[in-house]
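*Asks:* Contents of work-v1.cif (mmCIF, C-alpha atoms and all ligand atoms) are given next:
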data_data
#
loop_
_atom_site.label_atom_id
_atom_site.label_comp_id
_atom_site.auth_asym_id
_atom_site.auth_seq_id
_atom_site.Cartn_x
_atom_site.Cartn_y
_atom_site.Cartn_z
CA MET A 22 -1.79 23.96 6.74
CA THR A 23 -1.11 22.51 3.32
CA THR A 24 -1.72 24.76 0.34
CA SER A 25 -3.35 23.51 -2.83
CA ASP A 26 -0.04 23.50 -4.68
CA THR A 27 1.86 21.36 -2.23
CA LEU A 28 -0.63 18.65 -1.25
CA ARG A 29 0.89 16.19 -3.72
CA TYR A 30 4.30 16.64 -2.10
CA THR A 31 3.04 15.94 1.42
CA ARG A 32 5.35 13.72 3.46
CA PHE A 33 4.47 12.12 6.74
CA HIS A 34 7.29 11.92 9.21
CA GLY A 35 7.06 8.34 10.37
CA ALA A 36 7.97 7.85 14.02
CA HIS A 37 9.56 4.45 13.52
CA GLY A 38 12.60 4.62 11.27
CA SER A 39 11.01 5.31 7.93
CA GLY A 40 12.02 8.97 7.59
CA ALA A 41 9.70 11.13 5.51
CA ILE A 42 7.09 9.03 3.74
CA PRO A 43 5.59 10.54 0.56
CA ALA A 44 1.82 10.50 1.07
CA VAL A 45 1.17 10.03 -2.64
CA GLY A 46 2.08 6.51 -3.68
CA PHE A 47 1.96 4.43 -6.84
CA GLY A 48 0.96 0.79 -6.53
CA THR A 49 2.48 -1.83 -8.81
CA LEU A 50 -0.19 -4.50 -8.65
CA ILE A 51 -0.23 -4.81 -12.44
CA PRO A 52 -0.35 -8.36 -13.81
CA ASP A 53 1.73 -7.81 -16.95
CA PRO A 54 5.46 -7.03 -16.41
CA VAL A 55 5.75 -4.94 -19.59
CA ALA A 56 2.77 -2.82 -18.51
CA THR A 57 4.27 -2.65 -15.00
CA LYS A 58 7.52 -1.21 -16.32
CA GLN A 59 5.76 1.31 -18.54
CA ALA A 60 3.41 2.42 -15.76
CA THR A 61 6.26 2.72 -13.25
CA LYS A 62 8.23 4.85 -15.72
CA ALA A 63 5.20 7.05 -16.34
CA ALA A 64 4.64 7.42 -12.59
CA LEU A 65 8.29 8.38 -12.01
CA GLU A 66 8.07 10.95 -14.82
CA VAL A 67 4.98 12.71 -13.48
CA GLY A 68 6.46 12.89 -9.99
CA PHE A 69 5.46 9.85 -7.92
CA ARG A 70 8.28 9.08 -5.50
CA HIS A 71 6.66 6.36 -3.40
CA PHE A 72 6.30 2.89 -4.95
CA ASP A 73 4.53 -0.06 -3.44
CA CYS A 74 5.70 -3.51 -4.55
CA ALA A 75 5.31 -7.10 -3.40
CA GLU A 76 6.90 -10.46 -3.92
CA ARG A 77 3.35 -11.69 -4.62
CA TYR A 78 2.89 -9.35 -7.59
CA ARG A 79 5.65 -11.28 -9.40
CA ASN A 80 6.85 -8.13 -11.12
CA GLU A 81 9.46 -6.61 -8.81
CA ALA A 82 12.05 -7.08 -11.57
CA ALA A 83 10.02 -4.86 -13.93
CA VAL A 84 9.70 -2.15 -11.27
CA GLY A 85 13.43 -2.46 -10.60
CA GLU A 86 14.25 -1.99 -14.30
CA ALA A 87 12.13 1.15 -14.53
CA ILE A 88 13.77 2.59 -11.42
CA GLN A 89 17.28 1.77 -12.64
CA GLU A 90 16.57 3.45 -15.97
CA ALA A 91 15.42 6.58 -14.14
CA PHE A 92 18.63 6.55 -12.07
CA LYS A 93 20.73 6.16 -15.21
CA ALA A 94 18.86 8.96 -16.96
CA GLY A 95 19.65 11.21 -14.01
CA ILE A 96 15.96 11.86 -13.31
CA LEU A 97 16.43 11.01 -9.65
CA GLN A 98 18.64 9.39 -7.06
CA ARG A 99 17.93 6.55 -4.67
CA LYS A 100 17.47 8.92 -1.74
CA ASP A 101 14.57 10.64 -3.56
CA LEU A 102 12.56 7.43 -3.66
CA PHE A 103 10.54 5.57 -1.07
CA VAL A 104 10.23 1.91 -2.02
CA THR A 105 8.17 -0.61 -0.11
CA THR A 106 7.91 -4.31 -0.76
CA LYS A 107 6.19 -7.14 1.05
CA LEU A 108 6.82 -10.56 2.50
CA TRP A 109 4.38 -13.11 1.12
CA ASN A 110 2.28 -15.46 3.27
CA THR A 111 4.31 -18.55 2.37
CA ASN A 112 7.46 -17.03 3.86
CA HIS A 113 6.31 -16.26 7.42
CA ARG A 114 8.58 -18.80 9.09
CA PRO A 115 11.51 -16.83 10.52
CA GLU A 116 14.15 -18.80 8.60
CA ARG A 117 12.38 -17.93 5.32
CA VAL A 118 12.15 -14.17 5.94
CA LYS A 119 15.71 -13.09 5.13
CA PRO A 120 15.98 -15.18 1.94
CA ALA A 121 12.62 -13.78 0.76
CA PHE A 122 13.73 -10.23 1.59
CA ASP A 123 17.09 -10.66 -0.17
CA ALA A 124 15.35 -12.06 -3.25
CA SER A 125 13.07 -9.01 -3.38
CA LEU A 126 16.06 -6.67 -3.10
CA ARG A 127 17.82 -8.51 -5.94
CA ARG A 128 14.76 -8.33 -8.20
CA LEU A 129 14.30 -4.65 -7.42
CA GLN A 130 18.04 -4.04 -7.98
CA LEU A 131 18.21 -2.08 -4.74
CA ASP A 132 20.51 -2.38 -1.76
CA TYR A 133 17.86 -1.33 0.74
CA VAL A 134 14.12 -0.79 0.91
CA ASP A 135 12.48 2.02 2.79
CA CYS A 136 9.81 -0.23 4.23
CA TYR A 137 9.16 -3.97 4.31
CA LEU A 138 5.63 -5.10 5.11
CA ILE A 139 4.16 -8.41 6.15
CA HIS A 140 1.69 -8.67 3.26
CA THR A 141 -1.04 -10.27 5.35
CA PRO A 142 -1.16 -11.66 8.90
CA PHE A 143 -2.02 -15.13 7.52
CA ALA A 144 0.79 -17.68 7.26
CA PHE A 145 0.37 -20.14 4.40
CA GLN A 146 2.08 -23.50 4.02
CA PRO A 147 5.75 -22.69 3.38
CA GLY A 148 7.10 -23.45 -0.07
CA ASP A 149 7.34 -22.18 -3.62
CA GLU A 150 3.59 -22.44 -4.32
CA GLN A 151 2.28 -18.96 -3.45
CA ASP A 152 -1.33 -20.10 -3.28
CA PRO A 153 -1.25 -23.55 -1.62
CA ARG A 154 -4.62 -25.33 -1.70
CA ASP A 155 -5.90 -28.70 -0.54
CA GLU A 156 -7.89 -31.08 -2.75
CA HIS A 157 -11.08 -29.14 -1.92
CA GLY A 158 -9.57 -25.85 -3.06
CA ARG A 159 -9.14 -24.57 0.51
CA VAL A 160 -6.10 -22.51 1.45
CA ILE A 161 -3.51 -24.48 3.43
CA TYR A 162 -2.50 -22.29 6.35
CA ASP A 163 0.64 -22.75 8.43
CA PRO A 164 -0.15 -23.27 12.13
CA GLY A 165 3.59 -23.58 12.83
CA VAL A 166 4.41 -19.88 13.08
CA THR A 167 2.91 -16.88 14.85
CA LEU A 168 2.72 -13.32 13.57
CA VAL A 169 4.95 -12.20 16.45
CA GLU A 170 7.65 -14.67 15.37
CA THR A 171 7.51 -13.27 11.84
CA TRP A 172 7.63 -9.72 13.22
CA ARG A 173 10.77 -10.57 15.20
CA ALA A 174 12.40 -11.73 11.95
CA LEU A 175 11.50 -8.40 10.31
CA GLU A 176 13.00 -6.53 13.26
CA ARG A 177 16.27 -8.36 12.60
CA LEU A 178 16.21 -7.10 8.98
CA VAL A 179 16.12 -3.54 10.31
CA ASP A 180 19.07 -4.37 12.58
CA ASP A 181 20.98 -5.60 9.49
CA GLY A 182 20.52 -2.19 7.85
CA HIS A 183 19.01 -3.15 4.50
CA CYS A 184 15.51 -2.25 5.54
CA LYS A 185 14.81 1.19 6.99
CA SER A 186 11.44 0.39 8.50
CA ILE A 187 8.85 -2.36 8.77
CA GLY A 188 5.09 -2.57 8.81
CA LEU A 189 1.95 -4.61 8.37
CA SER A 190 -0.75 -4.91 5.79
CA ASP A 191 -4.31 -6.23 5.73
CA ILE A 192 -4.37 -6.16 9.49
CA THR A 193 -7.26 -5.52 11.85
CA LEU A 194 -7.02 -3.01 14.70
CA GLU A 195 -7.14 -5.89 17.17
CA LYS A 196 -4.16 -7.72 15.64
CA LEU A 197 -2.26 -4.46 15.19
CA ARG A 198 -2.60 -3.72 18.90
CA GLU A 199 -1.09 -7.11 19.70
CA ILE A 200 1.99 -6.44 17.57
CA VAL A 201 2.43 -2.87 18.81
CA ALA A 202 2.27 -4.15 22.39
CA VAL A 203 5.26 -6.49 21.95
CA ALA A 204 7.24 -4.85 19.14
CA ARG A 205 10.83 -3.82 19.81
CA ILE A 206 10.68 -1.92 16.49
CA LYS A 207 7.19 -0.52 16.00
CA PRO A 208 5.37 -0.65 12.66
CA ALA A 209 6.06 2.46 10.57
CA ILE A 210 3.30 1.81 8.04
CA VAL A 211 0.00 -0.03 8.17
CA GLN A 212 -1.39 -0.64 4.69
CA VAL A 213 -5.09 -1.45 4.44
CA GLU A 214 -7.97 -0.96 2.04
CA SER A 215 -9.43 2.49 2.63
CA HIS A 216 -11.48 4.98 0.61
CA PRO A 217 -14.57 7.12 1.22
CA PHE A 218 -16.70 3.94 1.44
CA LEU A 219 -14.33 2.38 4.02
CA PRO A 220 -12.73 5.23 5.97
CA GLU A 221 -11.36 3.11 8.85
CA TRP A 222 -11.50 6.06 11.27
CA ASP A 223 -10.80 3.93 14.38
CA LEU A 224 -7.72 2.40 12.83
CA LEU A 225 -6.55 5.84 11.70
CA GLU A 226 -7.00 7.22 15.19
CA PHE A 227 -4.94 4.39 16.72
CA CYS A 228 -2.22 4.81 14.08
CA ARG A 229 -2.03 8.55 14.81
CA GLU A 230 -1.64 7.93 18.52
CA GLN A 231 1.16 5.44 17.85
CA GLY A 232 3.04 7.47 15.21
CA ILE A 233 2.18 4.91 12.52
CA VAL A 234 1.35 6.03 8.97
CA LEU A 235 -1.90 4.55 7.71
CA GLN A 236 -1.62 3.87 4.00
CA ALA A 237 -4.82 3.44 2.04
CA PHE A 238 -4.85 0.96 -0.82
CA ALA A 239 -7.70 0.89 -3.33
CA ALA A 240 -7.92 4.62 -2.67
CA LEU A 241 -10.24 4.91 -5.70
CA GLY A 242 -12.22 1.79 -4.85
CA HIS A 243 -10.23 -0.38 -7.29
CA GLY A 244 -12.56 0.59 -10.15
CA MET A 245 -15.27 -1.65 -8.67
CA GLU A 246 -19.00 -1.19 -8.09
CA PRO A 247 -20.45 0.62 -6.24
CA SER A 248 -18.15 3.21 -7.73
CA VAL A 249 -16.45 5.66 -5.39
CA LEU A 250 -15.90 7.90 -8.42
CA ASN A 251 -19.61 7.98 -9.29
CA ASP A 252 -20.71 8.74 -5.75
CA PRO A 253 -22.94 11.83 -5.93
CA VAL A 254 -21.17 13.60 -3.03
CA ILE A 255 -17.74 13.08 -4.63
CA ALA A 256 -19.02 13.99 -8.09
CA ALA A 257 -20.64 17.22 -6.86
CA ILE A 258 -17.48 18.30 -5.04
CA ALA A 259 -15.41 17.52 -8.15
CA GLN A 260 -17.60 19.83 -10.21
CA ARG A 261 -17.43 22.56 -7.59
CA VAL A 262 -13.64 22.52 -7.23
CA HIS A 263 -12.92 21.84 -10.94
CA LYS A 264 -11.16 18.59 -10.30
CA THR A 265 -11.98 15.01 -11.28
CA PRO A 266 -13.70 12.62 -8.83
CA ALA A 267 -10.43 10.64 -8.61
CA GLN A 268 -8.54 13.78 -7.60
CA VAL A 269 -11.17 14.54 -4.96
CA ALA A 270 -10.95 11.03 -3.44
CA LEU A 271 -7.14 11.14 -3.41
CA ALA A 272 -6.92 14.68 -1.98
CA TRP A 273 -9.36 13.64 0.75
CA ALA A 274 -7.08 10.71 1.61
CA VAL A 275 -4.03 12.92 2.13
CA GLN A 276 -5.86 15.74 3.89
CA ARG A 277 -7.35 13.45 6.49
CA GLY A 278 -3.88 12.19 7.27
CA THR A 279 -3.43 8.95 5.33
CA ALA A 280 -0.90 8.06 2.67
CA PHE A 281 -2.53 6.48 -0.38
CA LEU A 282 -1.77 4.06 -3.18
CA THR A 283 -3.34 4.22 -6.57
CA THR A 284 -2.60 2.34 -9.77
CA SER A 285 -3.23 2.84 -13.44
CA THR A 286 -1.62 1.68 -16.64
CA LYS A 287 -2.82 4.81 -18.47
CA PRO A 288 -0.35 7.74 -18.53
CA ARG A 289 -3.14 10.34 -18.56
CA ARG A 290 -4.68 8.89 -15.40
CA ILE A 291 -1.30 8.49 -13.73
CA GLN A 292 -0.72 12.21 -14.29
CA GLU A 293 -4.24 13.05 -13.10
CA SER A 294 -3.82 11.04 -9.90
CA PHE A 295 -0.62 12.89 -9.06
CA ASP A 296 -2.09 16.35 -9.75
CA ILE A 297 -4.15 16.67 -6.60
CA SER A 298 -4.94 19.89 -4.77
CA ALA A 299 -6.28 20.57 -1.29
CA LEU A 300 -10.05 20.49 -0.82
CA PRO A 301 -11.94 23.16 1.10
CA GLU A 302 -12.90 22.18 4.65
CA ASP A 303 -16.61 21.93 3.79
CA ALA A 304 -15.83 19.32 1.13
CA MET A 305 -13.83 17.29 3.65
CA ARG A 306 -16.78 17.45 6.05
CA GLU A 307 -19.32 16.48 3.38
CA ILE A 308 -17.32 13.37 2.43
CA ARG A 309 -17.17 12.32 6.06
CA GLU A 310 -20.77 13.10 6.95
CA ARG A 311 -22.84 12.65 3.79
CA ILE A 312 -21.45 9.50 2.21
CA THR A 313 -23.43 6.57 3.57
CA THR A 314 -22.25 3.74 1.30
CA SER A 315 -20.13 1.27 3.21
CA VAL A 316 -18.16 -1.35 1.25
CA ARG A 317 -15.06 -3.49 1.64
CA PHE A 318 -13.98 -4.56 -1.86
CA ASN A 319 -11.15 -6.89 -0.90
CA THR A 320 -11.67 -9.81 1.48
CA VAL A 321 -7.94 -10.41 1.92
CA VAL A 322 -8.22 -9.33 5.58
CA GLU A 323 -10.42 -12.35 6.24
CA THR A 324 -8.40 -15.05 4.48
CA GLY A 325 -5.01 -13.72 3.39
CA VAL A 326 -6.01 -14.51 -0.21
CA PRO A 327 -5.56 -11.35 -2.27
CA GLY A 328 -8.85 -10.64 -3.95
CA PHE A 329 -7.42 -8.28 -6.58
CA ILE A 330 -4.80 -10.60 -8.04
CA PRO A 331 -6.22 -12.28 -11.13
CA GLY A 332 -6.80 -15.98 -10.65
CA THR A 333 -6.85 -15.92 -6.87
CA ARG A 334 -10.58 -16.04 -6.31
N1 LIG B 1 -1.86 -4.89 0.76
C1 LIG B 1 -2.73 -5.42 -0.04
O1 LIG B 1 -3.27 -6.51 0.19
C2 LIG B 1 -3.11 -4.69 -1.30
C3 LIG B 1 -4.28 -5.05 -1.96
C4 LIG B 1 -4.61 -4.34 -3.10
C5 LIG B 1 -3.79 -3.31 -3.55
N2 LIG B 1 -2.66 -3.00 -2.89
C6 LIG B 1 -1.73 -1.94 -3.37
O2 LIG B 1 -2.49 -0.77 -3.62
C7 LIG B 1 -2.30 -0.35 -4.98
C8 LIG B 1 -3.51 0.38 -5.46
O3 LIG B 1 -4.64 -0.46 -5.40
P1 LIG B 1 -5.78 -0.38 -6.46
O4 LIG B 1 -5.26 -0.78 -7.79
O5 LIG B 1 -6.94 -1.11 -5.94
O6 LIG B 1 -6.07 1.19 -6.45
P2 LIG B 1 -7.19 2.10 -7.07
O7 LIG B 1 -6.45 3.28 -7.55
O8 LIG B 1 -8.31 2.24 -6.12
O9 LIG B 1 -7.81 1.30 -8.28
C9 LIG B 1 -7.25 1.24 -9.53
C10 LIG B 1 -8.40 1.29 -10.53
O10 LIG B 1 -8.81 2.64 -10.70
C11 LIG B 1 -8.64 3.03 -12.05
N3 LIG B 1 -8.02 4.37 -12.04
C12 LIG B 1 -6.76 4.71 -11.69
N4 LIG B 1 -6.57 6.02 -11.76
C13 LIG B 1 -7.75 6.56 -12.16
C14 LIG B 1 -8.19 7.87 -12.40
N5 LIG B 1 -7.35 8.92 -12.26
N6 LIG B 1 -9.47 8.05 -12.79
C15 LIG B 1 -10.31 7.01 -12.92
N7 LIG B 1 -9.95 5.74 -12.70
C16 LIG B 1 -8.69 5.50 -12.32
C17 LIG B 1 -7.73 1.99 -12.67
O11 LIG B 1 -8.07 1.72 -14.01
P3 LIG B 1 -6.99 1.82 -15.21
O12 LIG B 1 -5.81 0.98 -14.85
O13 LIG B 1 -7.78 1.32 -16.35
O14 LIG B 1 -6.65 3.28 -15.32
C18 LIG B 1 -8.02 0.75 -11.84
O15 LIG B 1 -9.18 0.08 -12.34
C19 LIG B 1 -1.94 -1.65 -5.71
O16 LIG B 1 -1.28 -1.44 -6.92
C20 LIG B 1 -1.06 -2.32 -4.69
O17 LIG B 1 0.24 -1.75 -4.72
C21 LIG B 1 -2.32 -3.66 -1.75
#
Could you write out this file's structure as structure tokens?
*Replies:*
Amino acid sequence: MTTSDTLRYTRFHGAHGSGAIPAVGFGTLIPDPVATKQATKAALEVGFRHFDCAERYRNEAAVGEAIQEAFKAGILQRKDLFVTTKLWNTNHRPERVKPAFDASLRRLQLDYVDCYLIHTPFAFQPGDEQDPRDEHGRVIYDPGVTLVETWRALERLVDDGHCKSIGLSDITLEKLREIVAVARIKPAIVQVESHPFLPEWDLLEFCREQGIVLQAFAALGHGMEPSVLNDPVIAAIAQRVHKTPAQVALAWAVQRGTAFLTTSTKPRRIQESFDISALPEDAMREIRERITTSVRFNTVVETGVPGFIPGTR
């Protein structure tokens, strides 16, 4: 049983090579590199130890600088951190995986990552254009590679030792089952949109059975409408337990057994999102049983096109 003081330090012991995964994670999907660096520094200072990055965010170098500065200042050591980054859709062909991975490591100034995810199960036309489109504006997919072939290339990265664990993102339960069935190295993390309006209970159940950590992105609903934070059930619980609605949504995520990612560029909110405390059991039950709104904010699972990156929809 987790006590209110330790919820924020919860670690899930991943079954597949990842070691202890901090449940509380900071996402770096921040368009501006200067803001990315500042936010990453603020997150490190308040206590976040899990950072989610991606080649597609085009700001790994800014995250890397913030981390290096923290190392140099003696705030923390590499072993204290859990860093994830992701392979973008245009690099699914096996021969492109290692170069893409090495480039991410270089930008992050790290010699290993704790987890490497396939950003989405959709392969796009290989090349330097991250968002390849035809003359009608339609995404150009790559029929020349399967997800299993890409997974095999990620398994080889683990063999090489620069990647502690591997996983998938924006994946459906059906596709996840297919990979789990053939994987030599099982996914450690599955990162999908999840919040009180999209709890993904079936996926969570499968992940639990398989020793996979389900990681919820958009844990606060990405600041979109309908607002998770203005939901009357969440708001009433927040009042009752003297926490903010954001802290309620994030505590719920950890207590039900998911890791989460949240993002802000505002130091006060970064601190707030780290300062979570356990909710009473009745609050957990109310969120599960009384919230009826059902929304997916990000359609990336349908197309591979990331809905939250400015300019991509
Ligand atoms: N795998 C994927 O395809 C995928 C897709 C999307 C995201 N992600 C990952 O998940 C991370 C988190 O996603 P997200 O940005 O959608 O998360 P989120 O935390 O649900 O949404 C962030 C929004 O909530 C606001 N916010 C943050 N903290 C708050 C607080 N304490 N109180 C009130 N509002 C708050 C932020 O506004 P301010 O910035 O103004 O504070 C921002 O508008 C990303 O950075 C990325 O690493 C992955």
*Asks:* Counting all atoms listed in the file, which protein, DNA or RNA residues come within 7 Å of ligand LIG 1 (chain B), given as a ChimeraX atom specification?
*Replies:* /A:47-51,73-74,140-141,190-191,212-214,238-244,267-268,282-287,290-291,293-294,321,327,329
*Asks:* Between CA of Thr106 (chain A) and CA of Ala75 (chain A), what is the spacing in Å?
*Replies:* 4.6 Å
*Asks:* For region 250-266 of chain A, please output as a list of chain:residue names all residues within 9 Å (counting only C-alpha atoms; exclusion window: fewer than 4 positions along the same chain).
*Replies:*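 The residues satisfying every condition are A:Pro217, A:Leu241, A:Gly242, A:Gly244, A:Ala270, A:Leu271, A:Glu293, A:Ile297, A:Ser298, A:Leu300, A:Pro301, A:Ala304, A:Glu307, A:Ile308, A:Arg311, A:Ile312, A:Thr314.
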*Asks:* Skipping near chain neighbours, those fewer than 4 positions away, what residues fall within 12 Å of Gln89 (chain A) using all atoms listed in the file, listed as a compact mmCIF listing (two decimals) with C-alpha atoms, keeping the file's coordinate frame?
*Replies:*
# COMPACT_ATOMS: atom_id res chain seq x y z
CA LYS A 58 7.52 -1.21 -16.32
CA THR A 61 6.26 2.72 -13.25
CA LYS A 62 8.23 4.85 -15.72
CA LEU A 65 8.29 8.38 -12.01
CA ALA A 82 12.05 -7.08 -11.57
CA ALA A 83 10.02 -4.86 -13.93
CA VAL A 84 9.70 -2.15 -11.27
CA GLY A 85 13.43 -2.46 -10.60
CA LYS A 93 20.73 6.16 -15.21
CA ALA A 94 18.86 8.96 -16.96
CA GLY A 95 19.65 11.21 -14.01
CA ILE A 96 15.96 11.86 -13.31
CA LEU A 97 16.43 11.01 -9.65
CA GLN A 98 18.64 9.39 -7.06
CA ARG A 99 17.93 6.55 -4.67
CA LEU A 102 12.56 7.43 -3.66
CA ARG A 128 14.76 -8.33 -8.20
CA LEU A 129 14.30 -4.65 -7.42
CA GLN A 130 18.04 -4.04 -7.98
CA LEU A 131 18.21 -2.08 -4.74
*Asks:* Would you list the contacts of region 107-109 of chain A as number ranges by chain, taking every protein, DNA or RNA residue within 7 Å and counting all atoms listed in the file, but skipping same-chain residues closer than 3 positions in sequence?
*Replies:* A: 74-77, 112, 121-122, 137-140
